[in-house]
$ cat data-v2.txt   # compact mmCIF, C-alpha atoms
# COMPACT_ATOMS: atom_id res chain seq x y z
CA MET A 72 30.02 26.10 37.28
CA ASP A 73 29.68 23.67 40.26
CA ASN A 74 26.38 22.45 41.69
CA ARG A 75 26.42 24.98 44.56
CA SER A 76 26.89 27.84 42.10
CA ARG A 77 24.14 26.52 39.86
CA LEU A 78 21.74 26.33 42.81
CA PHE A 79 22.70 29.89 43.73
CA VAL A 80 22.00 31.10 40.20
CA PHE A 81 18.68 29.31 39.97
CA GLY A 82 17.74 30.74 43.38
CA ILE A 83 18.50 34.25 42.18
CA LEU A 84 16.53 33.61 38.99
CA ALA A 85 13.55 32.37 40.96
CA ILE A 86 13.65 35.39 43.29
CA PHE A 87 13.91 37.84 40.43
CA ALA A 88 11.17 36.06 38.55
CA SER A 89 8.91 36.21 41.58
CA VAL A 90 9.60 39.90 42.11
CA LEU A 91 9.28 40.79 38.44
CA PHE A 92 6.09 38.94 37.85
CA ALA A 93 4.69 40.01 41.22
CA CYS A 94 5.03 43.59 40.01
CA LYS A 95 2.91 42.71 37.04
CA GLY A 96 1.00 40.16 38.97
CA LYS A 97 -1.87 42.13 40.30
CA GLN A 98 -3.16 42.21 36.79
CA GLU A 99 -2.17 38.77 35.41
CA LYS A 100 -0.77 35.43 36.55
CA THR A 101 1.95 33.65 34.48
CA GLU A 102 3.39 30.12 34.41
CA VAL A 103 7.21 30.20 34.19
CA LYS A 104 9.52 27.45 32.86
CA THR A 105 13.28 27.18 33.36
CA GLU A 106 15.09 26.22 30.14
CA VAL A 107 18.69 25.82 28.99
CA VAL A 108 19.52 26.93 25.46
CA SER A 109 20.97 24.00 23.48
CA ARG A 110 22.00 23.33 19.89
CA GLY A 111 20.46 20.68 17.68
CA PRO A 112 17.78 19.99 15.07
CA VAL A 113 14.34 21.60 14.99
CA ILE A 114 11.76 19.74 12.94
CA ALA A 115 8.53 21.51 12.09
CA SER A 116 5.38 19.62 11.15
CA PHE A 117 1.64 20.10 10.93
CA LYS A 118 -1.23 17.82 11.85
CA CYS A 119 -3.64 16.46 9.25
CA GLN A 120 -6.98 14.72 9.41
CA ALA A 121 -6.36 11.07 8.57
CA SER A 122 -8.04 7.71 8.33
CA ILE A 123 -6.86 4.17 7.56
CA ARG A 124 -8.10 2.51 4.39
CA PRO A 125 -7.18 -0.52 2.28
CA ALA A 126 -4.22 0.18 0.02
CA ASN A 127 -5.43 -2.11 -2.78
CA ILE A 128 -8.81 -2.71 -4.35
CA VAL A 129 -8.63 -6.04 -6.22
CA ALA A 130 -11.10 -6.81 -9.02
CA VAL A 131 -11.93 -10.10 -10.75
CA ILE A 132 -12.67 -9.44 -14.44
CA ASN A 133 -15.15 -11.58 -16.34
CA ALA A 134 -13.55 -13.63 -19.13
CA LEU A 135 -16.81 -14.65 -20.87
CA ARG A 136 -20.34 -13.48 -21.54
CA ASN A 137 -22.50 -15.32 -19.05
CA THR A 138 -25.23 -15.15 -16.44
CA VAL A 139 -25.12 -15.48 -12.67
CA THR A 140 -26.56 -18.76 -11.35
CA ALA A 141 -25.69 -18.46 -7.62
CA VAL A 142 -24.44 -15.82 -5.15
CA TYR A 143 -22.87 -16.87 -1.84
CA LYS A 144 -21.69 -13.53 -0.41
CA LYS A 145 -22.95 -9.95 -0.26
CA PRO A 146 -21.16 -6.59 -0.21
CA GLY A 147 -19.71 -5.85 3.21
CA ASP A 148 -18.91 -9.50 3.97
CA TRP A 149 -15.39 -10.55 4.87
CA VAL A 150 -14.05 -13.20 2.47
CA GLU A 151 -10.99 -15.40 2.73
CA LYS A 152 -8.63 -15.93 -0.19
CA GLY A 153 -9.97 -18.75 -2.41
CA GLU A 154 -13.49 -18.59 -0.96
CA LEU A 155 -16.35 -19.00 -3.46
CA ILE A 156 -18.31 -15.76 -3.93
CA MET A 157 -20.56 -16.38 -6.94
CA GLN A 158 -21.21 -18.95 -9.66
CA LEU A 159 -21.70 -18.24 -13.37
CA ASP A 160 -23.58 -20.51 -15.78
CA LYS A 161 -21.23 -23.30 -16.83
CA LYS A 162 -23.54 -25.49 -18.97
CA PRO A 163 -22.64 -23.86 -22.34
CA LEU A 164 -18.97 -24.40 -21.57
CA GLN A 165 -19.54 -28.00 -20.51
CA ASP A 166 -21.39 -28.64 -23.79
CA GLU A 167 -18.55 -27.06 -25.77
CA ILE A 168 -16.01 -29.18 -23.89
CA ALA A 169 -17.98 -32.35 -24.65
CA THR A 170 -18.11 -31.42 -28.36
CA LEU A 171 -14.37 -30.78 -28.46
CA ASN A 172 -13.66 -34.11 -26.77
CA ASN A 173 -15.76 -35.90 -29.43
CA GLN A 174 -13.98 -34.07 -32.24
CA ILE A 175 -10.59 -34.91 -30.79
CA GLN A 176 -11.55 -38.58 -30.51
CA GLN A 177 -12.75 -38.62 -34.12
CA LYS A 178 -9.56 -36.98 -35.35
CA GLU A 179 -7.38 -39.34 -33.36
CA ASN A 180 -9.27 -42.31 -34.83
CA ALA A 181 -8.80 -40.91 -38.33
CA LEU A 182 -5.11 -40.36 -37.62
CA GLU A 183 -4.69 -43.94 -36.46
CA LYS A 184 -6.49 -45.16 -39.60
CA ILE A 185 -4.16 -43.10 -41.83
CA ARG A 186 -1.13 -44.50 -40.04
CA LEU A 187 -2.38 -48.08 -40.52
CA ASN A 188 -3.16 -47.43 -44.19
CA GLY A 189 0.24 -45.87 -44.60
CA ARG A 190 1.94 -48.94 -43.21
CA SER A 191 -0.13 -51.20 -45.50
CA ILE A 192 0.52 -49.08 -48.60
CA SER A 193 4.22 -48.86 -47.76
CA LEU A 194 4.40 -52.65 -47.57
CA ASP A 195 2.62 -53.02 -50.93
CA LEU A 196 4.84 -50.45 -52.59
CA ASN A 197 7.97 -52.06 -51.24
CA HIS A 198 6.75 -55.46 -52.46
CA ASN A 199 6.15 -54.11 -55.97
CA GLU A 200 9.56 -52.50 -56.08
CA ASP A 201 11.19 -55.72 -54.90
CA ALA A 202 9.35 -57.67 -57.63
CA LYS A 203 10.46 -55.24 -60.33
CA GLU A 204 14.06 -55.30 -59.07
CA ALA A 205 14.00 -59.14 -59.16
CA ARG A 206 12.68 -59.09 -62.76
CA ILE A 207 15.43 -56.65 -63.75
CA ASP A 208 18.06 -58.91 -62.16
CA ASN A 209 16.72 -61.86 -64.22
CA MET A 210 16.83 -59.80 -67.40
CA ARG A 211 20.43 -58.77 -66.72
CA ASN A 212 21.42 -62.41 -66.20
CA SER A 213 19.61 -63.35 -69.40
CA LEU A 214 21.35 -60.56 -71.31
CA GLU A 215 24.73 -61.73 -70.06
CA GLN A 216 23.99 -65.30 -71.24
CA GLN A 217 22.72 -64.14 -74.62
CA GLU A 218 25.80 -62.01 -75.17
CA LYS A 219 28.01 -65.07 -74.53
CA LEU A 220 25.91 -67.15 -76.92
CA LEU A 221 26.17 -64.41 -79.50
CA GLU A 222 29.94 -64.62 -79.33
CA ALA A 223 29.73 -68.39 -79.80
CA GLY A 224 27.25 -68.02 -82.69
CA GLY A 225 24.41 -69.59 -80.68
CA THR A 226 21.96 -66.63 -80.91
CA SER A 227 21.23 -63.57 -82.99
CA GLN A 228 22.04 -59.91 -82.49
CA ALA A 229 18.35 -59.10 -82.71
CA ARG A 230 17.68 -61.31 -79.71
CA VAL A 231 20.36 -59.53 -77.67
CA ASP A 232 19.06 -56.08 -78.72
CA GLN A 233 15.51 -57.06 -77.73
CA ILE A 234 16.65 -58.08 -74.25
CA LYS A 235 18.59 -54.83 -73.89
CA GLN A 236 15.50 -52.83 -74.87
CA ASN A 237 13.28 -54.71 -72.43
CA LEU A 238 15.87 -54.21 -69.66
CA ALA A 239 16.00 -50.44 -70.28
CA LEU A 240 12.19 -50.23 -70.18
CA ALA A 241 12.10 -52.25 -66.94
CA GLU A 242 14.74 -50.04 -65.28
CA SER A 243 12.85 -46.90 -66.35
CA ASP A 244 9.61 -48.36 -64.98
CA LEU A 245 11.32 -49.15 -61.68
CA ASN A 246 12.60 -45.59 -61.36
CA ASN A 247 9.18 -44.15 -62.14
CA GLN A 248 7.56 -46.51 -59.68
CA ALA A 249 10.02 -45.55 -56.92
CA GLU A 250 9.31 -41.84 -57.50
CA LYS A 251 5.54 -42.45 -57.45
CA ASN A 252 5.89 -44.46 -54.26
CA ALA A 253 7.86 -41.65 -52.60
CA ILE A 254 5.20 -39.13 -53.62
CA ARG A 255 2.44 -41.39 -52.30
CA LEU A 256 4.22 -41.79 -48.96
CA GLN A 257 4.75 -38.01 -48.72
CA GLN A 258 1.02 -37.48 -49.28
CA LEU A 259 0.26 -39.90 -46.46
CA GLU A 260 2.70 -38.07 -44.20
CA MET A 261 1.07 -34.73 -45.05
CA ASP A 262 -2.39 -36.13 -44.27
CA GLU A 263 -1.01 -37.41 -40.97
CA ARG A 264 0.55 -34.04 -40.09
CA ASN A 265 -2.66 -32.17 -40.96
CA LEU A 266 -4.64 -34.38 -38.63
CA GLU A 267 -2.03 -33.93 -35.90
CA LEU A 268 -2.29 -30.13 -36.30
CA GLN A 269 -6.08 -30.32 -36.10
CA ILE A 270 -5.88 -32.44 -32.97
CA THR A 271 -3.39 -29.99 -31.39
CA SER A 272 -5.69 -27.07 -32.22
CA PHE A 273 -8.71 -28.86 -30.74
CA LYS A 274 -6.74 -29.68 -27.59
CA LYS A 275 -5.70 -26.04 -27.19
CA SER A 276 -9.33 -25.01 -27.52
CA LEU A 277 -10.26 -27.68 -25.01
CA ASN A 278 -7.70 -26.40 -22.48
CA THR A 279 -8.94 -22.83 -23.01
CA GLN A 280 -12.53 -23.86 -22.41
CA ARG A 281 -11.55 -25.82 -19.30
CA SER A 282 -9.67 -22.77 -18.00
CA ILE A 283 -12.70 -20.56 -18.63
CA LEU A 284 -14.91 -23.16 -16.96
CA GLN A 285 -12.85 -22.81 -13.79
CA LYS A 286 -13.46 -19.04 -13.93
CA THR A 287 -17.21 -19.57 -13.72
CA GLU A 288 -16.48 -20.17 -10.04
CA VAL A 289 -15.71 -16.63 -8.93
CA LYS A 290 -13.37 -16.92 -5.94
CA ALA A 291 -11.71 -14.29 -3.77
CA PRO A 292 -8.16 -13.57 -5.04
CA VAL A 293 -7.25 -12.03 -1.66
CA SER A 294 -8.66 -11.93 1.84
CA GLY A 295 -10.60 -8.76 2.54
CA THR A 296 -13.94 -6.99 2.52
CA LEU A 297 -16.26 -7.56 -0.45
CA LEU A 298 -17.13 -4.14 -1.89
CA GLU A 299 -19.09 -4.86 -5.07
CA LEU A 300 -20.85 -7.68 -6.94
CA ALA A 301 -21.60 -7.67 -10.67
CA GLY A 302 -25.22 -8.72 -10.15
CA ASN A 303 -27.73 -11.12 -8.67
CA VAL A 304 -28.94 -14.55 -9.78
CA GLY A 305 -30.13 -14.40 -13.38
CA ASP A 306 -28.28 -11.18 -14.23
CA TYR A 307 -26.14 -11.08 -17.37
CA VAL A 308 -22.44 -10.30 -16.87
CA SER A 309 -20.70 -8.60 -19.80
CA LEU A 310 -17.28 -9.56 -21.09
CA ASP A 311 -14.44 -7.75 -19.28
CA GLN A 312 -16.83 -6.51 -16.56
CA ALA A 313 -15.59 -6.53 -12.96
CA MET A 314 -17.51 -9.36 -11.31
CA VAL A 315 -16.33 -8.58 -7.78
CA LYS A 316 -14.22 -5.92 -6.07
CA ILE A 317 -12.46 -6.67 -2.79
CA ALA A 318 -10.63 -4.35 -0.42
CA ASP A 319 -7.38 -6.17 0.30
CA GLY A 320 -7.32 -6.88 4.03
CA ASN A 321 -3.55 -7.33 4.13
CA THR A 322 -2.30 -3.93 2.92
CA PHE A 323 -3.32 -0.52 4.21
CA LYS A 324 -2.65 3.14 3.56
CA ILE A 325 -3.50 6.37 5.31
CA VAL A 326 -5.69 8.87 3.49
CA ALA A 327 -5.15 12.38 4.81
CA THR A 328 -6.41 15.90 4.08
CA ALA A 329 -4.99 19.35 4.75
CA GLY A 330 -5.64 22.94 3.73
CA ILE A 331 -4.60 23.94 0.25
CA ASN A 332 -2.10 26.37 1.80
CA LYS A 333 -0.07 23.32 2.91
CA LEU A 334 0.31 21.98 -0.62
CA HIS A 335 3.91 23.21 -0.90
CA ALA A 336 4.89 20.88 1.96
CA ILE A 337 2.90 17.87 0.71
CA GLN A 338 4.88 16.28 -2.08
CA PRO A 339 5.21 12.64 -3.24
CA GLY A 340 8.10 11.01 -1.40
CA GLY A 341 7.88 13.45 1.50
CA GLU A 342 8.16 12.33 5.11
CA ALA A 343 5.28 11.94 7.55
CA GLU A 344 4.98 10.75 11.13
CA VAL A 345 2.16 8.32 11.84
CA THR A 346 0.98 7.58 15.37
CA VAL A 347 -1.27 4.56 15.90
CA ASN A 348 -2.11 3.12 19.30
CA ASN A 349 0.61 5.36 20.83
CA GLN A 350 3.26 3.96 18.47
CA GLU A 351 5.15 6.25 16.11
CA LEU A 352 5.71 4.94 12.58
CA LYS A 353 7.58 6.43 9.65
CA GLY A 354 5.37 7.25 6.67
CA THR A 355 6.01 8.26 3.09
CA ILE A 356 3.67 10.48 1.08
CA GLY A 357 2.35 8.82 -2.08
CA GLN A 358 -0.04 10.30 -4.60
CA VAL A 359 -1.37 13.81 -3.98
CA TYR A 360 -4.88 14.77 -5.15
CA VAL A 361 -5.85 18.37 -5.84
CA GLU A 362 -9.24 19.26 -7.28
CA ASP A 363 -9.91 22.49 -9.11
CA ASN A 364 -11.24 25.29 -6.87
CA SER A 365 -10.87 23.10 -3.77
CA GLU A 366 -9.77 24.57 -0.45
CA SER A 367 -8.14 21.33 0.65
CA VAL A 368 -5.67 18.75 -0.63
CA SER A 369 -5.85 15.00 -0.04
CA PHE A 370 -2.99 12.54 -0.22
CA ASP A 371 -1.94 8.96 0.52
CA VAL A 372 0.63 7.96 3.12
CA PHE A 373 2.26 4.54 3.19
CA VAL A 374 4.15 2.79 5.99
CA ALA A 375 6.74 0.03 5.74
CA GLU A 376 5.54 -3.51 5.08
CA LYS A 377 6.61 -4.59 8.57
CA ASP A 378 4.23 -1.99 10.06
CA GLN A 379 1.17 -2.97 8.01
CA GLN A 380 -0.30 -5.10 10.80
CA LYS A 381 -0.07 -2.15 13.19
CA LEU A 382 -2.37 -0.22 10.87
CA ALA A 383 -4.73 -3.19 10.70
CA ASP A 384 -5.05 -3.19 14.49
CA ALA A 385 -5.26 0.62 14.85
CA GLU A 386 -8.19 2.16 16.71
CA ASN A 387 -7.17 5.71 15.81
CA VAL A 388 -4.47 7.44 13.79
CA GLU A 389 -2.67 10.77 14.00
CA LEU A 390 -0.60 12.14 11.14
CA LEU A 391 2.08 14.82 11.16
CA VAL A 392 3.62 15.99 7.89
CA LYS A 393 7.18 17.27 7.98
CA ALA A 394 7.06 20.86 6.70
CA ASN A 395 10.54 22.19 7.50
CA ASP A 396 13.63 21.21 9.44
CA LYS A 397 16.70 23.01 10.70
CA GLU A 398 19.96 21.33 11.62
CA ASN A 399 22.33 22.43 14.39
CA VAL A 400 20.49 25.59 15.44
CA LEU A 401 19.97 27.22 18.84
CA ARG A 402 16.82 25.89 20.43
CA ILE A 403 14.74 25.51 23.57
CA ARG A 404 12.03 23.06 24.42
CA LYS A 405 8.65 24.01 23.02
CA LEU A 406 5.90 25.31 25.27
CA PRO A 407 2.33 25.20 24.01
CA GLY A 408 2.06 28.99 23.87
CA MET A 409 5.12 29.36 21.68
CA ALA A 410 3.05 28.65 18.63
CA LEU A 411 1.17 31.89 19.34
CA THR A 412 4.07 34.34 19.11
CA LYS A 413 7.58 34.78 17.71
CA HIS A 414 8.79 37.19 20.44
CA LEU A 415 9.15 36.14 24.08
CA ASP A 416 10.30 38.05 27.20
CA VAL A 417 12.70 36.01 29.34
CA LEU A 418 14.98 36.38 32.35
CA LEU A 419 18.58 35.62 31.40
CA GLN A 420 21.59 34.90 33.63
CA LYS A 421 24.56 37.00 32.46
CA GLU A 422 27.57 36.07 34.58
CA THR A 423 26.71 37.54 38.01
CA GLU A 424 23.56 39.41 37.00
CA VAL A 425 20.08 38.52 35.87
CA ILE A 426 18.60 40.64 33.10
CA ARG A 427 15.36 40.75 31.22
CA THR A 428 15.62 40.31 27.46
CA GLU A 429 13.62 39.37 24.40
CA ILE A 430 14.28 36.32 22.25
CA VAL A 431 13.09 35.89 18.69
CA LEU A 432 11.85 32.45 17.66
CA GLY A 433 12.24 30.93 14.20
CA THR A 434 10.96 27.50 13.20
CA ILE A 435 8.41 26.10 15.66
CA GLY A 436 8.87 22.36 15.79
CA LYS A 437 7.06 19.53 17.46
CA ASP A 438 9.38 19.36 20.47
CA TYR A 439 11.73 22.36 20.09
CA CYS A 440 11.68 25.95 18.93
CA GLU A 441 14.50 27.60 17.01
CA ILE A 442 15.99 30.76 18.59
CA ILE A 443 17.11 33.30 16.01
CA SER A 444 18.48 35.94 18.40
CA GLY A 445 18.65 37.03 22.02
CA VAL A 446 20.67 34.25 23.67
CA LYS A 447 23.56 31.85 23.08
CA GLU A 448 24.13 28.14 23.69
CA GLY A 449 24.22 27.18 27.38
CA ASP A 450 22.28 30.22 28.60
CA VAL A 451 19.82 29.55 31.42
CA ILE A 452 16.54 31.41 31.00
CA LEU A 453 13.11 31.68 32.56
CA VAL A 454 10.40 31.58 29.93
CA GLU A 455 6.85 32.77 30.35
CA ASP A 456 4.35 30.42 28.75
CA PRO A 457 2.09 32.77 26.74
CA SER A 458 -0.70 30.22 26.72
CA LYS A 459 -0.89 30.22 30.55
CA LYS A 460 -1.50 33.93 31.10
CA LEU A 461 -4.67 34.35 33.12
CA ALA A 462 -6.26 37.66 33.97
CA LEU A 463 -7.03 38.21 37.63

$ encode --input "data-v2.txt" --output "C-alpha cells"
Amino acid sequence: MDNRSRLFVFGILAIFASVLFACKGKQEKTEVKTEVVSRGPVIASFKCQASIRPANIVAVINALRNTVTAVYKKPGDWVEKGELIMQLDKKPLQDEIATLNNQIQQKENALEKIRLNGRSISLDLNHNEDAKEARIDNMRNSLEQQEKLLEAGGTSQARVDQIKQNLALAESDLNNQAEKNAIRLQQLEMDERNLELQITSFKKSLNTQRSILQKTEVKAPVSGTLLELAGNVGDYVSLDQAMVKIADGNTFKIVATAGINKLHAIQPGGEAEVTVNNQELKGTIGQVYVEDNSESVSFDVFVAEKDQQKLADAENVELLVKANDKENVLRIRKLPGMALTKHLDVLLQKETEVIRTEIVLGTIGKDYCEIISGVKEGDVILVEDPSKKLAL
C-alpha cells in the first residue's frame, strides 16, 4: 500500500470513527488511538514498594573479656574504614606482655648458659677420652716390647699377662667412658631443646597477646554508618560479643514488598527492573521472606556491582517484578485503560471497508498488550482508551 492509499485509509477510518462515536457521543466522550498490530514480545510485570538499604551489616566481634575505656563515635555517625571507634582497656594485656618478655629473656639466658656448659663439658670429656686413648697406646707399645723380651728370655710370662690384663681393663674403661660421654651430651641436647620449645611457646603467647592488644583499638572494618555500640565508658564487654555494627556504605540492596498473592512470581533468581533517577537497571531477586499469616511478602533485589554507585546516589527507586512474558505474539501498544478490561471495541480496516470488531487481550505488559483474537499482524485499528471515557 503506497502513502496516498494509506492516507486515504486513515482518512476513512477517522471519518468513520467520528461518525460512530458521534452517534454515541451525546452520552459520552472517548479518546481514540490509531494502532498497527505487530508481532513481538509482551512482558508483564507488577510494581512493588521498595527502598534502598545497605546490603551488608559488618560486625566486629570482641576477642577478649574487657571494659570500655573510651568511645569516639556514636550510632548514626558515618565512619571511614580504619577509623577508631572505641578503646578497650589494654593495661592487663600490656602487663601480660611484659611478663612474657621477662620469661623469654630468662629462658634465653638459661639456654645460653646450657650451651656454654655443654661446650665446656664436651671439651672435658674429649680431653679425658684422649688421655685414656694415649694411656692405652702406651700399654700396647709396652706389651709389644714385653712380648719380644719374652721371646728372648728377658722377661716372664706373668709380666706379659699382667700387661694384657691391664690393657683389656683400660680398653673397657675407655668404651664405658665414651658411652657415658655420649649419654651426657644427649642429656645436654635434650635440656637445650626443652628450653627452645619453652621459648617458642612463650613467643607464640607473646604474639597472640600483641595481636589481641591491637584489637583493643576497635576500628571500622568498612566505611559506612555506625549502627550499634557494645556499651559506654566503663561497661564490660563479653567475649564474642559484637562490639560495633556498621552498615557497609559501599554495597546496597533493594528491599521490596508485595501482596502475598504475588508470591508465585517472586522467586529467588527472578528478574526485576529497577528505576533510579530515571535510569533503568537490571535486578535479581535474592532471599524471599514470608511470615506466617502475613498478607504481604518481602524480598531482596540486587543489582550488578557496576551499578552499586547508582543506588548510593538514588533519591527514589521504583521496582517492577517480571511476572510473565510472551514471545512472538500479536500485540499493540498499551493504553492506560487496557489494564481495566480484556475486551475492546475497535474499528478495523478490511481491504476496502472499515468494520467494527472486538479484540480479546491476553497478557498486559508494561509497554504492549497481547492480542489473543480479533485481528492479524499488520491490521490498522482505532482503539478506544477505556480510561478516557467521560460522561457528558

$ residues_around --input "data-v2.txt" --residues "A:Ile452" --least-positions-apart "4" --cutoff "10 Å" --atoms "all atoms listed in the file" --output "list in words"
Phe81, Leu84, Val103, Lys104, Thr105, Glu106, Val107, Val108, Ile403, Asp416, Val417, Leu418, Leu419, Gln420, Lys421, Val425, Ile426, Arg427, Thr428 and Val446 of chain A

$ residues_around --input "data-v2.txt" --residues "A:Val293" --least-positions-apart "2" --cutoff "12 Å" --atoms "only C-alpha atoms" --output "list in words"
Asn127, Ile128, Val129, Ala130, Val131, Trp149, Val150, Glu151, Lys152, Gly153, Glu154, Leu155, Ile156, Lys290, Ala291, Gly295, Thr296, Leu297, Val315, Lys316, Ile317, Ala318, Asp319, Gly320, Asn321 and Thr322 of chain A

$ residues_around --input "data-v2.txt" --residues "A:Gly189" --least-positions-apart "3" --cutoff "8 Å" --atoms "all atoms listed in the file" --output "PyMOL selection string"
chain A and resi 185-186+192-193+256+259

$ atom_distance --input "data-v2.txt" --atom1 "atom CA of A:Leu171" --atom2 "atom CA of A:Val308"
24.9 Å

$ residues_around --input "data-v2.txt" --residues "stretch 328-339 of chain A" --least-positions-apart "4" --cutoff "9 Å" --atoms "all atoms listed in the file" --output "JSON, numbers by chain"
{"A": [117, 118, 119, 120, 121, 355, 356, 357, 358, 359, 361, 365, 366, 367, 368, 369, 370, 371, 392, 393, 394, 395]}

$ atom_distance --input "data-v2.txt" --atom1 "atom CA of A:Gln258" --atom2 "atom CA of A:Glu179"
18.1 Å

$ atom_distance --input "data-v2.txt" --atom1 "atom CA of A:Gly147" --atom2 "atom CA of A:Val326"
20.3 Å

$ closest_residue --input "data-v2.txt" --among "A:Asn364, A:Gln257, A:Ser243, A:Gln165" --to "A:Gln285" --atoms "only C-alpha atoms"
A:Gln165

$ build_atoms --input "data-v2.txt" --residues "stretch 310-326 of chain A" --atoms "N, CA and C atoms" --output "compact mmCIF listing (two decimals), in the frame of the given file"
# COMPACT_ATOMS: atom_id res chain seq x y z
N LEU A 310 -18.69 -9.23 -20.95
CA LEU A 310 -17.28 -9.56 -21.09
C LEU A 310 -16.44 -8.40 -20.58
N ASP A 311 -15.38 -8.73 -19.84
CA ASP A 311 -14.44 -7.75 -19.28
C ASP A 311 -15.05 -6.88 -18.17
N GLN A 312 -16.23 -7.23 -17.69
CA GLN A 312 -16.83 -6.51 -16.56
C GLN A 312 -16.23 -7.02 -15.25
N ALA A 313 -16.07 -6.12 -14.28
CA ALA A 313 -15.59 -6.53 -12.96
C ALA A 313 -16.71 -7.27 -12.24
N MET A 314 -16.48 -8.55 -11.97
CA MET A 314 -17.51 -9.36 -11.31
C MET A 314 -17.57 -9.08 -9.82
N VAL A 315 -16.39 -8.92 -9.19
CA VAL A 315 -16.33 -8.58 -7.78
C VAL A 315 -15.18 -7.60 -7.55
N LYS A 316 -15.31 -6.79 -6.51
CA LYS A 316 -14.22 -5.92 -6.07
C LYS A 316 -14.03 -6.15 -4.57
N ILE A 317 -12.78 -6.34 -4.18
CA ILE A 317 -12.46 -6.67 -2.79
C ILE A 317 -11.40 -5.71 -2.27
N ALA A 318 -11.64 -5.16 -1.09
CA ALA A 318 -10.63 -4.35 -0.42
C ALA A 318 -9.65 -5.29 0.27
N ASP A 319 -8.42 -5.28 -0.22
CA ASP A 319 -7.38 -6.17 0.30
C ASP A 319 -7.20 -5.94 1.80
N GLY A 320 -7.42 -6.99 2.58
CA GLY A 320 -7.32 -6.88 4.03
C GLY A 320 -5.91 -7.03 4.57
N ASN A 321 -4.93 -7.12 3.68
CA ASN A 321 -3.55 -7.33 4.13
C ASN A 321 -2.67 -6.10 3.95
N THR A 322 -3.09 -5.14 3.14
CA THR A 322 -2.30 -3.93 2.92
C THR A 322 -3.16 -2.70 3.17
N PHE A 323 -2.58 -1.72 3.82
CA PHE A 323 -3.32 -0.52 4.21
C PHE A 323 -2.53 0.73 3.85
N LYS A 324 -3.26 1.82 3.75
CA LYS A 324 -2.65 3.14 3.56
C LYS A 324 -3.42 4.13 4.41
N ILE A 325 -2.85 5.30 4.56
CA ILE A 325 -3.50 6.37 5.31
C ILE A 325 -3.91 7.43 4.32
N VAL A 326 -5.17 7.80 4.34
CA VAL A 326 -5.69 8.87 3.49
C VAL A 326 -5.85 10.11 4.36
